[in-house]
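Have a look at the structure below before the remarks.
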Amino acid sequence: MLKKIFNKLLKQYGKQNWWPAETEYEIVVGIILTQNTTWKNVEKALSNLKRAHMLEPKKILSCSNQIIEQLIKPCGFYKQKTVYLKNITRYYVDLDRNKSTATLRKELLNIKGIGKESADSFLLYVLNRPSFVIDAYTKRFVKTFKLCECKTYEEFKHFFESNLPSDVELYKEFHALIVRWGKEN
DNA sequence: CACCAGGAATGTA
DNA sequence: TACATTCATGGT
């Protein structure tokens, strides 16, 4: 039934092709920068980082917070996000991709600056693990069409994952389509 | 002028 | 567990 809803959204809006990025690390950075901000502002920050040739893990880790803060300023919360960006980058460079999705999720949630949505975005869009991402749009989408009585984040997540085939590309596109829907409603 | 955007941490009860 | 507050820029 969720699959039918997905097909309907896909037909209506077309493929969204998330996550837009030129490199894998750019996705990692985007996950932090987009927290509670419009993607348009994130693009400005990413553009600044690219122009400064800073979109590389080693450079972010060796750069002063002050410089990074100025570069990512357009996307807001820039002091916090600078710290968070270094935290996730430190984890990213030492990442062991052989670990199970459940283990990786626990590790991500222990990083300051990585909450449930960011952890699932990392798993899905960076590591290509079937971990459905729940955001404010998704909750509103479920409520609007009365799909379930879910309340907590984990309940929403379980609802999608247990009613859909475990397909990474499906998870990616579905989440992107729900966001697209949310922007028009 | 207020309000919100592709959240998360911290504090309170 | 369930809320409230803080972080901060840019668009409407």
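Ordering of the structure tokens sets the chain letters (A, B, ...), residue numbers begin anew at 1 in every chain, and ligands are numbered from 1 in the order given.
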Sorted by chain and rising residue number, which residues of chain C lie within 6 Å of chain A, and what are their closest atom pairs and distances in Å to one decimal, counting only C-alpha atoms (C1' of nucleotides), as a Markdown table?
```
| residue | atom | partner | partner_atom | distance |
| --- | --- | --- | --- | --- |
| C:DC7 | C1' | A:Phe77 | CA | 5.3 |
| C:DA8 | C1' | A:Gly76 | CA | 4.6 |
| C:DT9 | C1' | A:Gly76 | CA | 4.4 |
```
Pick out the chain B residues within 6 Å of chain A. Count only C-alpha atoms (C1' of nucleotides). Give them as a ChimeraX atom specification. /B:5,7-8
Those selected residues, please, written with C-alpha atoms (C1' of nucleotides) and delivered as a PDB file, in the first residue's frame.
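Okay, this is what ended up in out_33.pdb:
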```
ATOM      1  C1'  DA B   5      13.153  26.111   6.788  1.00  0.00           C
ATOM      2  C1'  DG B   7      17.367  19.326  13.618  1.00  0.00           C
ATOM      3  C1'  DA B   8      19.755  18.532  17.769  1.00  0.00           C
TER       4       DA B   8
END
```
Members of stretch 4-183 of chain A assigned alpha helix (DSSP H) by DSSP, as a PyMOL selection string: chain A and resi 4-13+24-33+39-51+57-62+65-72+78-93+101-109+116-121+136-144+153-162+168-183
Selection near B:DT12, 12 Å with only C-alpha atoms (C1' of nucleotides), sequence-local residues under 6 positions removed, as a ChimeraX atom specification: /C:2-5
Nearby residues (only C-alpha atoms (C1' of nucleotides)) at most 9 Å from stretch 156-162 of chain A, same-chain spacing under 3 positions excluded, as a list in words: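 The filter keeps Leu2, Pro130, Ser131, Phe132, Val133, Ile134, Thr138, Lys139, Val142, Cys148, Glu149, Cys150, Lys151, Thr152, Tyr153, Pro165, Ser166 and Tyr171 of chain A.
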Computed gap from atom CA of A:Arg140 to atom CA of A:Gln16 is 19.4 Å
